[in-house]
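Content type compact mmCIF, C-alpha atoms, from the file coords_33.txt:
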```
# COMPACT_ATOMS: atom_id res chain seq x y z
CA MET A 1 18.75 -18.18 12.58
CA THR A 2 16.11 -17.15 10.04
CA THR A 3 17.34 -16.57 6.51
CA LEU A 4 16.08 -14.02 4.02
CA PRO A 5 13.21 -15.30 1.89
CA THR A 6 13.77 -17.24 -1.32
CA LEU A 7 12.72 -15.85 -4.66
CA THR A 8 9.63 -18.06 -4.77
CA TRP A 9 7.18 -15.35 -3.74
CA GLU A 10 8.79 -12.84 -6.10
CA LYS A 11 8.39 -15.15 -9.08
CA ASN A 12 4.79 -15.93 -8.21
CA LEU A 13 3.84 -12.29 -7.79
CA LEU A 14 5.66 -11.22 -10.93
CA SER A 15 3.61 -13.72 -12.89
CA LEU A 16 0.38 -12.34 -11.41
CA ALA A 17 1.36 -8.78 -12.26
CA GLN A 18 2.51 -9.51 -15.80
CA GLU A 19 -0.74 -11.30 -16.60
CA ALA A 20 -2.74 -8.37 -15.26
CA ASP A 21 -0.72 -5.59 -16.91
CA VAL A 22 -3.01 -5.09 -19.88
CA PRO A 23 -3.91 -1.40 -20.07
CA ALA A 24 -7.57 -0.60 -20.51
CA ALA A 25 -8.47 0.85 -23.87
CA LEU A 26 -8.62 4.61 -23.71
CA ALA A 27 -12.23 5.71 -24.10
CA ARG A 28 -12.64 7.82 -27.22
CA THR A 29 -15.42 9.66 -25.50
CA ARG A 30 -15.82 9.45 -21.77
CA PRO A 31 -19.30 9.08 -20.29
CA ALA A 32 -21.05 12.41 -20.09
CA THR A 33 -20.58 13.86 -16.64
CA ASP A 34 -21.30 17.32 -15.36
CA ALA A 35 -17.92 19.08 -15.08
CA ALA A 36 -18.79 20.69 -11.76
CA ARG A 37 -19.89 17.36 -10.31
CA LEU A 38 -16.67 15.70 -11.49
CA ALA A 39 -14.60 18.49 -9.93
CA GLU A 40 -16.53 17.97 -6.69
CA ALA A 41 -15.76 14.26 -6.85
CA TYR A 42 -12.04 14.87 -7.25
CA GLU A 43 -12.05 17.37 -4.40
CA TYR A 44 -13.83 14.86 -2.17
CA CYS A 45 -11.14 12.25 -2.93
CA ALA A 46 -8.44 14.79 -2.04
CA GLU A 47 -10.17 15.52 1.28
CA LEU A 48 -10.51 11.81 2.03
CA THR A 49 -6.80 11.33 1.37
CA ALA A 50 -5.83 14.24 3.64
CA ILE A 51 -7.97 12.86 6.48
CA HIS A 52 -6.74 9.27 6.33
CA SER A 53 -3.12 9.56 5.16
CA ARG A 54 -1.16 12.71 5.77
CA SER A 55 1.95 11.01 4.38
CA PHE A 56 0.30 10.14 1.07
CA SER A 57 -1.36 13.53 0.85
CA LEU A 58 1.97 15.29 1.37
CA ALA A 59 3.81 13.02 -1.09
CA THR A 60 1.22 13.64 -3.81
CA ARG A 61 1.64 17.40 -3.42
CA LEU A 62 4.91 16.86 -5.27
CA LEU A 63 3.05 15.77 -8.43
CA PRO A 64 1.64 17.89 -11.27
CA ALA A 65 -2.04 18.75 -10.73
CA GLU A 66 -3.63 16.13 -13.02
CA LYS A 67 -1.49 13.28 -11.68
CA ARG A 68 -1.95 14.53 -8.12
CA ARG A 69 -5.74 14.36 -8.28
CA ALA A 70 -5.58 10.97 -10.00
CA MET A 71 -3.32 9.54 -7.29
CA ARG A 72 -5.57 10.86 -4.56
CA THR A 73 -8.53 9.31 -6.32
CA LEU A 74 -6.67 6.00 -6.43
CA TYR A 75 -6.11 6.32 -2.70
CA ALA A 76 -9.82 7.06 -2.13
CA PHE A 77 -10.81 4.00 -4.18
CA CYS A 78 -8.49 1.85 -2.04
CA ARG A 79 -9.70 3.50 1.18
CA VAL A 80 -13.36 2.80 0.45
CA SER A 81 -12.55 -0.80 -0.53
CA ASP A 82 -10.63 -1.30 2.70
CA ASP A 83 -13.29 0.38 4.85
CA ILE A 84 -15.91 -2.10 3.66
CA VAL A 85 -13.80 -4.92 5.06
CA ASP A 86 -12.83 -3.02 8.21
CA ARG A 87 -16.52 -2.72 9.11
CA PRO A 88 -17.24 -6.46 9.12
CA GLY A 89 -20.69 -7.91 9.28
CA PRO A 90 -22.73 -10.66 7.69
CA ASP A 91 -23.18 -8.54 4.56
CA ALA A 92 -19.56 -7.35 4.18
CA GLY A 93 -18.87 -9.73 1.30
CA GLN A 94 -22.02 -8.59 -0.48
CA ARG A 95 -21.14 -4.92 0.04
CA LEU A 96 -17.66 -5.51 -1.38
CA GLU A 97 -19.14 -7.23 -4.43
CA GLU A 98 -21.59 -4.36 -4.93
CA TRP A 99 -18.72 -1.90 -4.72
CA LYS A 100 -16.80 -3.90 -7.31
CA LEU A 101 -19.75 -3.81 -9.70
CA LYS A 102 -20.16 -0.09 -9.12
CA ILE A 103 -16.57 0.89 -9.81
CA PHE A 104 -16.37 -1.22 -12.97
CA SER A 105 -19.63 0.10 -14.34
CA VAL A 106 -19.43 1.59 -17.84
CA GLN A 107 -21.64 4.43 -16.69
CA PRO A 108 -20.21 6.13 -13.58
CA ASP A 109 -22.48 6.61 -10.60
CA ASP A 110 -22.99 10.35 -10.14
CA GLU A 111 -24.27 9.73 -6.61
CA ASP A 112 -21.02 8.17 -5.44
CA LEU A 113 -18.23 10.73 -5.63
CA VAL A 114 -15.38 8.22 -5.28
CA ALA A 115 -16.81 5.93 -7.95
CA LEU A 116 -17.33 8.94 -10.23
CA ALA A 117 -13.77 10.25 -9.88
CA TRP A 118 -12.33 6.72 -10.16
CA ALA A 119 -14.23 6.06 -13.40
CA ASP A 120 -12.70 9.18 -14.94
CA THR A 121 -9.21 8.39 -13.61
CA ARG A 122 -9.09 4.76 -14.74
CA GLN A 123 -10.25 5.75 -18.24
CA ARG A 124 -8.02 8.79 -18.49
CA PHE A 125 -4.88 6.82 -17.57
CA ALA A 126 -5.86 3.43 -19.07
CA ILE A 127 -5.35 1.67 -15.75
CA PRO A 128 -5.45 -2.14 -16.21
CA PRO A 129 -8.78 -3.29 -14.72
CA ARG A 130 -7.31 -6.54 -13.45
CA TYR A 131 -5.11 -4.64 -10.97
CA ALA A 132 -8.19 -3.06 -9.42
CA GLU A 133 -9.85 -6.47 -9.27
CA GLN A 134 -6.77 -7.93 -7.57
CA LEU A 135 -6.87 -5.16 -4.99
CA ILE A 136 -10.51 -5.85 -4.15
CA GLU A 137 -9.74 -9.57 -3.93
CA GLY A 138 -6.79 -8.71 -1.66
CA VAL A 139 -8.77 -6.64 0.83
CA GLY A 140 -11.51 -9.27 0.67
CA ARG A 141 -9.09 -11.82 2.13
CA ASP A 142 -9.47 -10.10 5.48
CA LEU A 143 -13.05 -11.39 5.57
CA VAL A 144 -11.92 -15.00 5.46
CA GLN A 145 -8.30 -15.06 6.63
CA ASN A 146 -6.54 -13.39 9.55
CA ARG A 147 -3.50 -15.61 10.04
CA TYR A 148 -0.49 -16.30 7.78
CA GLN A 149 1.83 -19.26 8.11
CA THR A 150 4.85 -18.19 6.05
CA PHE A 151 6.35 -15.03 4.60
CA ASP A 152 5.45 -16.25 1.12
CA ASP A 153 1.80 -16.33 2.23
CA LEU A 154 2.08 -12.85 3.68
CA ALA A 155 3.79 -11.48 0.56
CA ALA A 156 0.88 -12.73 -1.54
CA TYR A 157 -1.51 -10.83 0.74
CA ALA A 158 0.70 -7.72 0.57
CA TYR A 159 0.67 -7.92 -3.23
CA GLY A 160 -3.12 -7.81 -3.27
CA VAL A 161 -3.56 -4.88 -0.90
CA ALA A 162 -0.43 -2.82 -1.67
CA SER A 163 1.63 -3.86 -4.72
CA THR A 164 -1.47 -3.48 -6.88
CA VAL A 165 -1.62 0.16 -5.76
CA GLY A 166 1.94 0.71 -6.97
CA LEU A 167 1.23 -1.08 -10.22
CA MET A 168 -1.78 1.16 -10.86
CA SER A 169 0.23 4.20 -9.79
CA LYS A 170 2.86 3.63 -12.45
CA HIS A 171 0.17 3.99 -15.12
CA ILE A 172 -0.78 7.35 -13.65
CA ILE A 173 2.77 8.63 -13.20
CA GLY A 174 4.17 7.12 -16.39
CA TYR A 175 6.99 4.60 -16.66
CA SER A 176 9.50 3.08 -19.05
CA GLY A 177 8.71 -0.49 -20.01
CA PRO A 178 7.81 -3.72 -18.22
CA ARG A 179 11.05 -3.73 -16.22
CA ALA A 180 9.30 -1.43 -13.73
CA ILE A 181 6.89 -4.16 -12.63
CA PRO A 182 9.10 -6.15 -10.20
CA TYR A 183 10.21 -2.95 -8.49
CA ALA A 184 6.61 -1.83 -7.98
CA ILE A 185 5.80 -5.24 -6.52
CA LYS A 186 8.66 -5.07 -4.02
CA LEU A 187 7.88 -1.52 -2.97
CA GLY A 188 4.25 -2.48 -2.33
CA VAL A 189 5.30 -5.47 -0.22
CA ALA A 190 7.76 -3.30 1.71
CA LEU A 191 5.13 -0.65 2.45
CA GLN A 192 2.58 -3.21 3.61
CA ILE A 193 5.06 -5.02 5.83
CA THR A 194 5.89 -1.67 7.42
CA ASN A 195 2.17 -1.21 8.12
CA ILE A 196 2.03 -4.66 9.67
CA LEU A 197 5.06 -4.10 11.90
CA ARG A 198 3.69 -0.74 13.03
CA ASP A 199 0.21 -2.10 13.79
CA VAL A 200 1.01 -5.35 15.61
CA GLY A 201 -0.78 -4.32 18.80
CA GLU A 202 -3.77 -2.78 17.05
CA ASP A 203 -4.22 -5.80 14.78
CA GLN A 204 -3.86 -8.25 17.66
CA ARG A 205 -6.64 -6.48 19.59
CA ALA A 206 -8.81 -6.73 16.47
CA GLY A 207 -8.19 -10.49 16.30
CA ARG A 208 -5.74 -10.36 13.39
CA VAL A 209 -2.15 -11.60 13.34
CA TYR A 210 -0.31 -10.86 10.11
CA LEU A 211 3.16 -11.83 11.33
CA PRO A 212 4.17 -15.19 9.81
CA ALA A 213 3.52 -17.93 12.37
CA GLN A 214 6.52 -19.90 11.15
CA GLU A 215 8.88 -17.02 11.84
CA LEU A 216 7.34 -16.25 15.24
CA ALA A 217 7.96 -19.89 16.20
CA GLU A 218 11.59 -19.67 15.11
CA TYR A 219 12.06 -16.99 17.76
CA SER A 220 10.07 -18.97 20.34
CA LEU A 221 7.18 -16.50 20.16
CA SER A 222 3.47 -17.22 20.00
CA GLU A 223 0.17 -15.38 19.75
CA ALA A 224 0.00 -15.52 23.54
CA ASP A 225 3.17 -13.39 23.64
CA LEU A 226 1.57 -10.86 21.32
CA ALA A 227 -1.46 -10.68 23.59
CA VAL A 228 0.75 -10.00 26.62
CA GLY A 229 2.63 -7.34 24.66
CA GLU A 230 5.96 -7.72 26.44
CA VAL A 231 9.06 -6.35 24.74
CA SER A 232 11.30 -9.31 25.53
CA GLU A 233 14.72 -10.04 24.08
CA ARG A 234 13.14 -12.68 21.87
CA TRP A 235 10.76 -10.02 20.52
CA ARG A 236 13.62 -7.60 19.90
CA GLN A 237 15.52 -10.22 17.91
CA PHE A 238 12.40 -11.06 15.91
CA MET A 239 11.75 -7.40 15.10
CA ARG A 240 15.39 -6.77 14.18
CA PHE A 241 15.11 -9.51 11.59
CA GLN A 242 11.78 -8.21 10.28
CA ILE A 243 13.11 -4.66 9.96
CA GLN A 244 16.33 -5.84 8.30
CA ARG A 245 14.35 -7.69 5.63
CA ASN A 246 11.94 -4.80 5.23
CA ARG A 247 14.78 -2.35 4.63
CA ARG A 248 16.30 -4.72 2.10
CA LEU A 249 13.00 -4.71 0.19
CA TYR A 250 13.00 -0.91 0.11
CA ALA A 251 16.58 -0.91 -1.16
CA GLU A 252 15.81 -3.46 -3.85
CA ALA A 253 12.72 -1.49 -4.93
CA TRP A 254 14.51 1.87 -5.13
CA PRO A 255 16.00 1.50 -8.67
CA GLY A 256 12.46 1.29 -10.04
CA ILE A 257 11.89 4.94 -9.18
CA ALA A 258 14.31 5.92 -11.95
CA MET A 259 12.03 4.14 -14.42
CA LEU A 260 9.13 6.47 -13.61
CA HIS A 261 8.41 9.70 -15.43
CA LYS A 262 10.66 12.40 -13.99
CA ASP A 263 7.74 14.52 -12.72
CA GLY A 264 6.59 11.67 -10.47
CA ARG A 265 9.83 10.29 -9.07
CA LEU A 266 10.04 12.56 -6.03
CA ALA A 267 6.48 11.81 -4.95
CA VAL A 268 7.10 8.05 -4.98
CA ALA A 269 10.48 8.48 -3.31
CA ALA A 270 8.84 10.58 -0.60
CA ALA A 271 6.13 7.99 0.05
CA ALA A 272 8.77 5.25 0.32
CA GLY A 273 11.10 7.39 2.41
CA PHE A 274 8.41 8.46 4.86
CA TYR A 275 7.29 4.90 5.43
CA GLN A 276 10.80 3.55 5.77
CA GLU A 277 11.46 6.02 8.58
CA ILE A 278 8.61 4.41 10.56
CA LEU A 279 11.01 1.51 11.01
CA SER A 280 13.52 3.86 12.64
CA ASP A 281 10.83 5.11 15.00
CA ILE A 282 10.01 1.52 15.98
CA GLU A 283 13.70 0.95 16.75
CA ALA A 284 13.97 4.22 18.67
CA HIS A 285 11.16 3.08 20.98
CA ASP A 286 12.66 -0.34 21.71
CA TYR A 287 10.38 -2.23 19.30
CA ASP A 288 7.28 -1.47 21.38
CA VAL A 289 4.51 -1.73 18.81
CA PHE A 290 2.05 -3.00 21.41
CA ASN A 291 1.41 0.21 23.32
CA ARG A 292 2.14 2.93 20.76
CA ARG A 293 1.84 3.52 17.03
CA ALA A 294 5.09 4.47 15.34
CA TYR A 295 4.95 7.57 13.19
CA LEU A 296 6.95 10.31 11.51
CA SER A 297 6.12 13.93 12.29
CA GLY A 298 5.19 16.42 9.61
CA HIS A 299 8.36 18.45 10.23
CA ALA A 300 10.48 15.32 9.91
CA LYS A 301 8.85 14.53 6.56
CA LEU A 302 9.51 18.03 5.25
CA ARG A 303 13.14 17.81 6.32
CA MET A 304 13.53 14.61 4.30
CA ILE A 305 12.31 16.02 0.98
CA PRO A 306 15.53 17.82 -0.14
CA GLY A 307 17.59 14.68 0.39
CA LEU A 308 15.04 12.54 -1.40
CA TRP A 309 14.98 15.03 -4.27
CA TRP A 310 18.74 14.72 -4.58
CA ARG A 311 18.57 10.92 -4.64
CA THR A 312 16.06 10.97 -7.49
CA ARG A 313 18.15 13.25 -9.69
```
Show the structure stored in the file as structure tokens.
Amino acid sequence: MTTLPTLTWEKNLLSLAQEADVPAALARTRPATDAARLAEAYEYCAELTAIHSRSFSLATRLLPAEKRRAMRTLYAFCRVSDDIVDRPGPDAGQRLEEWKLKIFSVQPDDEDLVALAWADTRQRFAIPPRYAEQLIEGVGRDLVQNRYQTFDDLAAYAYGVASTVGLMSKHIIGYSGPRAIPYAIKLGVALQITNILRDVGEDQRAGRVYLPAQELAEYSLSEADLAVGEVSERWRQFMRFQIQRNRRLYAEAWPGIAMLHKDGRLAVAAAAGFYQEILSDIEAHDYDVFNRRAYLSGHAKLRMIPGLWWRTR
């Protein structure tokens, strides 16, 4: 019925990423910051990560200390950016622009702990500034767009809000050459699509529909069906296709993990593995993403780690 997507979106996103992948110059001397205040900023980012994403917090525990705190700071930067959009209002666009100016400031803001830790992280790891800009532009799309016609359109959105995170992460973890870029893009798209499939009901109640309208129509589904929230046979078929494609993206992204520095491979594998299992939970509950939020328990995540470790050897 519906075929797997063409390579059009992959080519377009690869071009965006390659143009942006210009590492920032390492600062010879970082802006003077009180060491205790900087440590407080990093600790705050770690706490923010633990509160909002237990999966990410657990995965980053598998990293060496310096990379762990940097990854949690990256998460905090993304979380704050996303929260600005998730609290919409007439000034949301202005607040997002102010945040962008703040986090790209040469002199870090000692009053904002996330901005302070992010300034140190992006300089310490020479994170390409364009990736951070693309992420802010990506989350900003939610202020002006809440429907997507095709999968290509949705993949472009997923690149902005998720692939950019993976592309910044590889500069923190370390990687071997530009061949890692397409894998980071695919993993980001896979993770975001998993989020979207998990949150169909929640998003619909918030007035957002991320599922491609073209593909819904191919299964004779509409937004009215999403509002009713019935797990019909048409819905099951639609979700089977979505999950099949999502799993294929994870599989195609997996070889990129071997291109990362060896001390970071397990953390990335864990993040991908944890999220991929959300798809299994959706299946186990008959594709009902209207009345419950799929998840993976902490014990289940811990049980996965030895197998993931073996796969990254």
My list of candidates is A:Tyr210, A:Gly140, A:Ser57, A:Arg248. Which is closest to Ala271 (chain A) when distances are computed with only C-alpha atoms?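 Using only C-alpha atoms, the shortest distance to Ala271 (chain A) belongs to A:Ser57.
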Please determine, counting all atoms listed in the file, which residue among A:Tyr275, A:Trp235, A:Phe125, A:Tyr131 has the shortest atom-to-atom distance to Gly160 (chain A).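 Closest residue, counting all atoms listed in the file: A:Tyr131.
The spacing separating CA of Ala251 (chain A) from CA of Ala270 (chain A) amounts to 13.9 Å.
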With all atoms listed in the file counted, which protein, DNA or RNA residues have an atom no more than 9 Å from (-3.9, -11.0, 4.3) in the file frame? Please answer as JSON, numbers by chain. {"A": [138, 139, 140, 141, 142, 145, 146, 147, 148, 153, 154, 155, 156, 157, 158, 160, 161, 210]}
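Using all atoms listed in the file, the contacts of Gln214 (chain A) at a cut-off of 12 Å, with sequence neighbours closer than 5 positions omitted, comprise Thr2, Arg147, Tyr148, Gln149, Thr150, Phe151, Asp152, Asp153, Leu154, Tyr219, Ser220, Leu221, Ser222, Glu223 and Phe238 of chain A.
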Take the residues from that selection and write them out as a tab-separated table (two decimals), in the coordinates of the input, keeping C-alpha atoms.
```
chain	number	residue	atom	x	y	z
A	2	THR	CA	16.11	-17.15	10.04
A	147	ARG	CA	-3.50	-15.61	10.04
A	148	TYR	CA	-0.49	-16.30	7.78
A	149	GLN	CA	1.83	-19.26	8.11
A	150	THR	CA	4.85	-18.19	6.05
A	151	PHE	CA	6.35	-15.03	4.60
A	152	ASP	CA	5.45	-16.25	1.12
A	153	ASP	CA	1.80	-16.33	2.23
A	154	LEU	CA	2.08	-12.85	3.68
A	219	TYR	CA	12.06	-16.99	17.76
A	220	SER	CA	10.07	-18.97	20.34
A	221	LEU	CA	7.18	-16.50	20.16
A	222	SER	CA	3.47	-17.22	20.00
A	223	GLU	CA	0.17	-15.38	19.75
A	238	PHE	CA	12.40	-11.06	15.91
```
Tell me which of A:Phe77, A:Met168, A:Gly229, A:Pro108 sits closest to Ala24 (chain A), counting only C-alpha atoms. A:Met168
With region 296-307 of chain A as the partner and 10 Å as the cut-off, tabulate the residues of region 56-149 of chain A that qualify, each row holding the nearest pair of atoms and their distance in Å to one decimal, using all atoms listed in the file, sorted by chain and rising number, as JSON lines.
```
{"residue": "A:Leu58", "atom": "CA", "partner": "A:Lys301", "partner_atom": "CA", "distance": 8.7}
{"residue": "A:Ala59", "atom": "CA", "partner": "A:Ile305", "partner_atom": "CA", "distance": 9.2}
{"residue": "A:Leu62", "atom": "CA", "partner": "A:Ile305", "partner_atom": "CA", "distance": 9.7}
```
